[in-house]
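Peer 1: Input file: query_38.txt. Contents: compact mmCIF, C-alpha atoms and all ligand atoms.
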```txt
# COMPACT_ATOMS: atom_id res chain seq x y z
CA MET H 262 -20.71 -28.06 -68.84
CA PRO H 263 -18.45 -25.22 -67.86
CA VAL H 264 -17.97 -21.84 -69.47
CA VAL H 265 -14.41 -21.80 -70.78
CA ALA H 266 -12.71 -18.54 -71.73
CA THR H 267 -9.38 -19.06 -73.47
CA ASP H 268 -6.68 -16.49 -74.20
CA ILE H 269 -9.09 -13.57 -74.31
CA SER H 270 -7.55 -10.27 -75.37
CA VAL H 271 -9.30 -6.95 -75.86
CA ALA H 272 -7.98 -3.46 -76.45
CA PHE H 273 -9.84 -0.20 -76.91
CA GLY H 274 -7.50 1.89 -79.02
CA GLU H 275 -4.18 1.95 -77.21
CA ARG H 276 -5.73 0.67 -73.99
CA ARG H 277 -5.26 -3.05 -73.52
CA VAL H 278 -7.97 -4.26 -71.17
CA LEU H 279 -7.69 -8.06 -71.24
CA ASN H 280 -4.42 -9.67 -72.16
CA GLY H 281 -4.62 -13.36 -72.88
CA MET H 282 -6.96 -14.13 -70.02
CA SER H 283 -8.11 -17.70 -69.51
CA ALA H 284 -10.58 -18.97 -66.95
CA THR H 285 -13.00 -21.82 -66.49
CA PHE H 286 -16.31 -21.32 -64.73
CA GLU H 287 -17.84 -24.50 -63.37
CA GLU H 288 -21.46 -25.46 -62.90
CA GLY H 289 -22.80 -24.97 -59.41
CA THR H 290 -20.34 -22.24 -58.51
CA ILE H 291 -20.38 -18.50 -57.97
CA THR H 292 -17.29 -16.69 -59.23
CA ALA H 293 -16.68 -13.08 -58.25
CA LEU H 294 -14.65 -10.92 -60.62
CA ARG H 295 -12.76 -8.39 -58.53
CA ALA H 296 -10.57 -5.46 -59.47
CA PRO H 297 -10.56 -1.69 -59.28
CA SER H 298 -12.64 0.17 -61.81
CA GLY H 299 -11.51 -0.17 -65.41
CA PHE H 300 -9.81 -3.57 -65.26
CA GLY H 301 -12.25 -5.18 -67.62
CA LYS H 302 -14.77 -6.97 -65.41
CA SER H 303 -17.78 -5.79 -67.40
CA THR H 304 -15.91 -6.35 -70.63
CA LEU H 305 -15.26 -9.99 -69.74
CA LEU H 306 -18.93 -10.52 -68.85
CA ALA H 307 -19.97 -8.92 -72.16
CA ILE H 308 -17.64 -11.24 -74.07
CA ILE H 309 -18.99 -14.31 -72.27
CA ALA H 310 -22.54 -13.13 -73.01
CA GLY H 311 -21.67 -12.66 -76.67
CA HIS H 312 -22.48 -8.95 -76.48
CA GLN H 313 -18.93 -8.12 -77.42
CA LYS H 314 -16.32 -9.80 -79.61
CA PRO H 315 -12.79 -10.20 -78.26
CA ASP H 316 -9.82 -9.22 -80.42
CA ALA H 317 -8.46 -12.70 -79.78
CA GLY H 318 -9.47 -15.78 -77.86
CA THR H 319 -12.60 -17.87 -77.55
CA VAL H 320 -15.46 -18.56 -75.18
CA THR H 321 -17.11 -21.94 -75.27
CA ILE H 322 -20.37 -22.69 -73.55
CA THR H 323 -21.74 -26.13 -74.13
CA SER H 324 -25.26 -27.13 -73.23
CA ALA H 325 -25.75 -29.72 -70.52
CA ASP H 326 -26.58 -32.45 -73.00
CA GLY H 327 -23.35 -31.78 -74.88
CA GLY H 328 -25.20 -30.43 -77.88
CA ASP H 329 -24.38 -27.32 -79.84
CA ASP H 330 -27.29 -25.24 -78.62
CA THR H 331 -26.02 -22.36 -76.57
CA PRO H 332 -27.67 -22.61 -73.18
CA GLY H 333 -29.72 -19.74 -71.88
CA ILE H 334 -27.83 -16.86 -70.37
CA SER H 335 -29.28 -14.29 -67.98
CA TRP H 336 -27.76 -10.84 -67.79
CA ILE H 337 -28.36 -8.76 -64.69
CA ASP H 338 -27.12 -5.21 -64.28
CA GLN H 339 -28.33 -1.84 -63.12
CA ALA H 340 -29.70 -1.13 -66.57
CA SER H 341 -31.54 -4.42 -66.97
CA PRO H 342 -34.66 -3.49 -68.85
CA VAL H 343 -38.01 -3.77 -67.16
CA PHE H 344 -41.06 -3.54 -69.36
CA PRO H 345 -42.48 -0.19 -68.24
CA HIS H 346 -46.16 -0.87 -68.82
CA ARG H 347 -46.18 -4.35 -67.36
CA THR H 348 -46.45 -5.15 -63.68
CA ALA H 349 -43.55 -6.49 -61.67
CA THR H 350 -45.38 -9.84 -61.67
CA ASP H 351 -45.61 -9.90 -65.47
CA ASN H 352 -41.98 -8.86 -65.81
CA VAL H 353 -40.88 -11.78 -63.65
CA ALA H 354 -43.37 -14.21 -65.21
CA MET H 355 -41.72 -13.57 -68.58
CA GLY H 356 -38.66 -15.40 -67.30
CA ALA H 357 -40.71 -18.53 -66.71
CA LEU H 358 -42.64 -18.15 -69.98
CA SER H 359 -39.30 -18.02 -71.81
CA ARG H 360 -38.56 -21.58 -70.74
CA GLY H 361 -41.94 -22.90 -71.74
CA ALA H 362 -43.98 -22.61 -68.55
CA THR H 363 -47.69 -22.03 -68.99
CA ARG H 364 -49.20 -18.68 -68.10
CA GLU H 365 -50.61 -20.13 -64.88
CA GLU H 366 -47.32 -21.77 -63.91
CA SER H 367 -45.48 -18.57 -64.73
CA LEU H 368 -47.62 -16.54 -62.37
CA THR H 369 -46.95 -19.02 -59.54
CA ILE H 370 -43.22 -18.96 -60.27
CA ALA H 371 -43.29 -15.15 -60.43
CA ALA H 372 -45.05 -14.90 -57.06
CA HIS H 373 -42.44 -17.16 -55.46
CA ASN H 374 -39.53 -15.19 -56.87
CA LEU H 375 -41.04 -11.80 -56.05
CA THR H 376 -41.44 -12.93 -52.44
CA ARG H 377 -37.88 -14.22 -52.13
CA LEU H 378 -36.59 -10.88 -53.39
CA GLY H 379 -38.75 -8.84 -51.03
CA LEU H 380 -40.98 -7.47 -53.78
CA ASP H 381 -44.45 -8.54 -52.57
CA ASP H 382 -45.51 -4.94 -51.97
CA VAL H 383 -44.81 -3.90 -55.56
CA ARG H 384 -45.95 -6.98 -57.43
CA ASP H 385 -48.84 -5.14 -59.10
CA ARG H 386 -46.85 -1.97 -59.81
CA ALA H 387 -45.94 -1.10 -63.40
CA GLY H 388 -42.27 -1.35 -64.28
CA LYS H 389 -42.02 2.38 -64.90
CA ARG H 390 -43.07 3.10 -61.31
CA LEU H 391 -40.45 0.87 -59.70
CA SER H 392 -37.38 2.35 -58.04
CA GLY H 393 -33.91 1.56 -59.35
CA GLY H 394 -33.32 -0.98 -56.59
CA GLU H 395 -36.71 -2.60 -57.20
CA ARG H 396 -35.98 -2.88 -60.91
CA GLN H 397 -32.68 -4.47 -60.13
CA ARG H 398 -34.39 -7.06 -57.94
CA VAL H 399 -37.08 -7.64 -60.59
CA ALA H 400 -34.25 -8.41 -63.01
CA VAL H 401 -32.82 -10.92 -60.53
CA ALA H 402 -36.27 -12.44 -59.93
CA ARG H 403 -36.84 -12.76 -63.70
CA SER H 404 -33.49 -14.47 -64.06
CA MET H 405 -34.41 -16.88 -61.25
CA ALA H 406 -37.76 -17.58 -62.93
CA ALA H 407 -35.98 -18.26 -66.21
CA GLU H 408 -33.66 -20.81 -64.53
CA THR H 409 -30.95 -20.16 -67.09
CA PRO H 410 -27.85 -22.34 -66.71
CA VAL H 411 -25.60 -19.28 -66.92
CA ILE H 412 -26.15 -16.07 -64.94
CA LEU H 413 -23.93 -13.06 -65.59
CA ALA H 414 -24.38 -10.27 -63.06
CA ASP H 415 -22.68 -6.89 -63.35
CA GLU H 416 -22.80 -5.12 -59.98
CA PRO H 417 -26.12 -6.76 -59.10
CA THR H 418 -26.24 -5.12 -55.67
CA ALA H 419 -25.17 -1.62 -56.67
CA SER H 420 -28.48 0.13 -55.89
CA LEU H 421 -29.45 -1.98 -52.92
CA ASP H 422 -29.53 -1.61 -49.15
CA ALA H 423 -28.07 -4.31 -46.94
CA ALA H 424 -31.32 -6.25 -46.56
CA SER H 425 -32.06 -6.34 -50.28
CA ARG H 426 -28.43 -7.17 -51.02
CA GLY H 427 -28.76 -10.23 -48.79
CA LEU H 428 -31.85 -11.37 -50.72
CA VAL H 429 -30.01 -11.05 -54.04
CA ILE H 430 -27.02 -12.97 -52.70
CA ASP H 431 -29.32 -15.71 -51.38
CA ALA H 432 -31.07 -15.98 -54.75
CA LEU H 433 -27.81 -16.24 -56.68
CA ARG H 434 -26.55 -18.80 -54.17
CA ALA H 435 -29.69 -20.88 -54.62
CA ALA H 436 -29.29 -20.73 -58.41
CA ALA H 437 -25.70 -21.95 -58.12
CA ASP H 438 -26.73 -24.69 -55.70
CA ALA H 439 -29.25 -25.80 -58.33
CA GLY H 440 -26.39 -26.08 -60.84
CA ALA H 441 -26.10 -22.69 -62.49
CA ILE H 442 -22.82 -21.05 -63.44
CA VAL H 443 -22.93 -17.65 -61.75
CA ILE H 444 -20.34 -14.99 -62.58
CA ILE H 445 -20.54 -11.67 -60.77
CA ALA H 446 -18.54 -8.51 -61.37
CA THR H 447 -18.60 -6.70 -58.06
CA HIS H 448 -17.04 -4.07 -55.84
CA ASP H 449 -19.17 -5.33 -52.96
CA ASP H 450 -17.16 -7.22 -50.32
CA THR H 451 -20.25 -8.98 -49.02
CA VAL H 452 -21.06 -10.35 -52.46
CA ALA H 453 -17.46 -11.45 -52.97
CA GLU H 454 -17.47 -13.23 -49.61
CA SER H 455 -20.49 -15.24 -50.76
CA ALA H 456 -18.66 -16.48 -53.85
CA ASP H 457 -16.99 -19.87 -54.13
CA ARG H 458 -14.09 -18.36 -55.96
CA ILE H 459 -12.61 -14.94 -56.60
CA ILE H 460 -10.72 -13.95 -59.72
CA ARG H 461 -8.58 -10.87 -59.11
CA MET H 462 -8.48 -9.35 -62.55
CA ASP H 463 -5.85 -6.79 -61.58
CA THR H 464 -3.37 -9.65 -61.15
CA LEU H 465 -4.06 -11.03 -64.62
CA ASP H 466 -2.10 -8.60 -66.75
CA THR H 467 0.16 -11.17 -68.35
CA PRO H 468 -0.81 -14.16 -70.43
CA SER H 469 -0.71 -17.39 -68.45
CA ALA H 470 -0.77 -15.55 -65.13
CA PRO H 471 -2.37 -17.63 -62.38
CA GLU H 472 -6.04 -17.24 -63.06
CA ALA H 473 -7.63 -17.32 -59.69
CA THR H 474 -7.39 -17.38 -55.97
CA ALA H 475 -9.89 -19.23 -53.86
N1 LIG S 1 -16.72 0.43 -75.92
C1 LIG S 1 -15.62 0.92 -75.33
N2 LIG S 1 -14.84 1.80 -75.97
C2 LIG S 1 -13.73 2.29 -75.40
N3 LIG S 1 -13.31 1.95 -74.15
C3 LIG S 1 -14.06 1.08 -73.49
C4 LIG S 1 -15.25 0.51 -74.03
N4 LIG S 1 -15.77 -0.35 -73.12
C5 LIG S 1 -14.95 -0.30 -72.05
N5 LIG S 1 -13.92 0.54 -72.27
C6 LIG S 1 -12.82 0.81 -71.36
O1 LIG S 1 -12.25 -0.43 -71.01
C7 LIG S 1 -11.87 -0.43 -69.64
C8 LIG S 1 -12.55 -1.58 -68.94
O2 LIG S 1 -13.94 -1.29 -68.81
P1 LIG S 1 -14.90 -2.23 -67.97
O3 LIG S 1 -16.24 -1.59 -67.96
O4 LIG S 1 -14.82 -3.61 -68.47
O5 LIG S 1 -14.22 -2.16 -66.52
P2 LIG S 1 -14.76 -2.64 -65.11
O6 LIG S 1 -13.64 -3.37 -64.46
O7 LIG S 1 -16.03 -3.40 -65.27
O8 LIG S 1 -15.01 -1.26 -64.40
P3 LIG S 1 -16.10 -0.81 -63.29
O9 LIG S 1 -15.69 -1.46 -62.02
O10 LIG S 1 -15.96 0.68 -63.26
O11 LIG S 1 -17.45 -1.24 -63.80
C9 LIG S 1 -12.21 0.93 -69.09
O12 LIG S 1 -11.06 1.74 -69.12
C10 LIG S 1 -13.27 1.43 -70.06
O13 LIG S 1 -13.26 2.84 -70.12
```
Mind converting the file's structure to structure tokens?
Ligand SMILES: Nc1ncnc2c1ncn2[C@@H]1O[C@H](COP(=O)(O)OP(=O)(O)OP(=O)(O)O)[C@@H](O)[C@H]1O
Peer 2:
Amino acid sequence: MPVVATDISVAFGERRVLNGMSATFEEGTITALRAPSGFGKSTLLAIIAGHQKPDAGTVTITSADGGDDTPGISWIDQASPVFPHRTATDNVAMGALSRGATREESLTIAAHNLTRLGLDDVRDRAGKRLSGGERQRVAVARSMAAETPVILADEPTASLDAASRGLVIDALRAAADAGAIVIIATHDDTVAESADRIIRMDTLDTPSAPEATA
């Protein structure tokens, strides 16, 4: 079931950031949120995640079976927490454990996802000894291991070189191909080119403005 944002408005003091924005995010697609800094990309992701309440408007996320349970949501950003005293493997395995995998299964799933994100060399390294870019990829790997139906990524390639960026894009693409709803706030042209759809948030300053360009 899609994520549906309807008539979302947010202001911080006098500054109106989102003004009656509506958008639907379908399963199996990557949507890139694009705009210069300050147009509310992160704010929209935070509202979809439920981290922040809009002044007006609603977000509905219905689980695949049509029930009321909110489906799992992964959040990936540069500040995604990594447990400092646990290894990269354990950090990623937690994603699989969170969906009910056994410890043994989780370690296999973690190994697979560490490899696909180019993290084999640091799999036994404690979280606190990982670089910023490695932590960011651990967060992506954990999200892949968790197989959440919704993945919200705020500048997921910000600390990464071109090779690592490609691995993150490939992972997010694979998640979407498996049915996930992937929404990415990004300034990175390469990430945006990999998306199925781009929403230009700087063209959305009036209610009922056209919501997206392909
Ligand atoms: N908690 C807050 N209190 C006050 N202002 C805020 C708050 N959160 C965000 N803002 C402001 O709202 C605007 C939108 O912020 P947001 O982080 O959503 O933009 P963005 O498009 O993601 O920017 P960037 O590309 O720099 O990450 C900015 O002007 C920001 O300063």
Peer 1: Which protein, DNA or RNA residues have an atom within 10 Å of ligand LIG 1 (chain S), counting only C-alpha atoms and all ligand atoms, as a PyMOL selection string?
Peer 2: chain H and resi 271-279+294-308+313+415-416+446-448+462-463
Peer 1: Find, counting only C-alpha atoms, the residue in H:Ile412, H:Ile459, H:Leu380, H:Ala407 that gets nearest to Ile334 (chain H).
Peer 2: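 Residue with the minimum atom-to-atom distance to Ile334 (chain H): H:Ile412.
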Peer 1: In Å, how far is it from CA of Leu391 (chain H) to CA of Ser404 (chain H)?
Peer 2: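 For CA of Leu391 (chain H) relative to CA of Ser404 (chain H), the distance reads 17.4 Å.
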Peer 1: Using only C-alpha atoms, give me every residue within 12 Å of (-45.4, -6.6, -56.4) in file coordinates, as a count of residues only.
Peer 2: 34
Peer 1: Around region 366-379 of chain H, with edges along x, y and z and 4 Å added on all six sides, what centre and edge lengths do you get, in Å to one decimal, as lines of an AutoDock Vina configuration file?
Peer 2:
```
center_x = -42.1
center_y = -15.3
center_z = -57.9
size_x = 19.0
size_y = 20.9
size_z = 21.7
```
Peer 1: Please check which residues have atoms at most 10 Å from (-21.8, -20.6, -65.4) in the file's coordinates, counting all atoms listed in the file, and write them as a ChimeraX atom specification.
Peer 2: /H:262-265,285-292,309,322,332,334,409-413,437,440-444
Peer 1: Find the distance between CA of His312 (chain H) and CA of Ala266 (chain H) and write it in Å to one decimal.
Peer 2: 14.5 Å
Peer 1: Nearest residue to His346 (chain H) out of H:Ala439, H:Ser283, H:Asp431, H:Lys389, using only C-alpha atoms?
Peer 2: H:Lys389
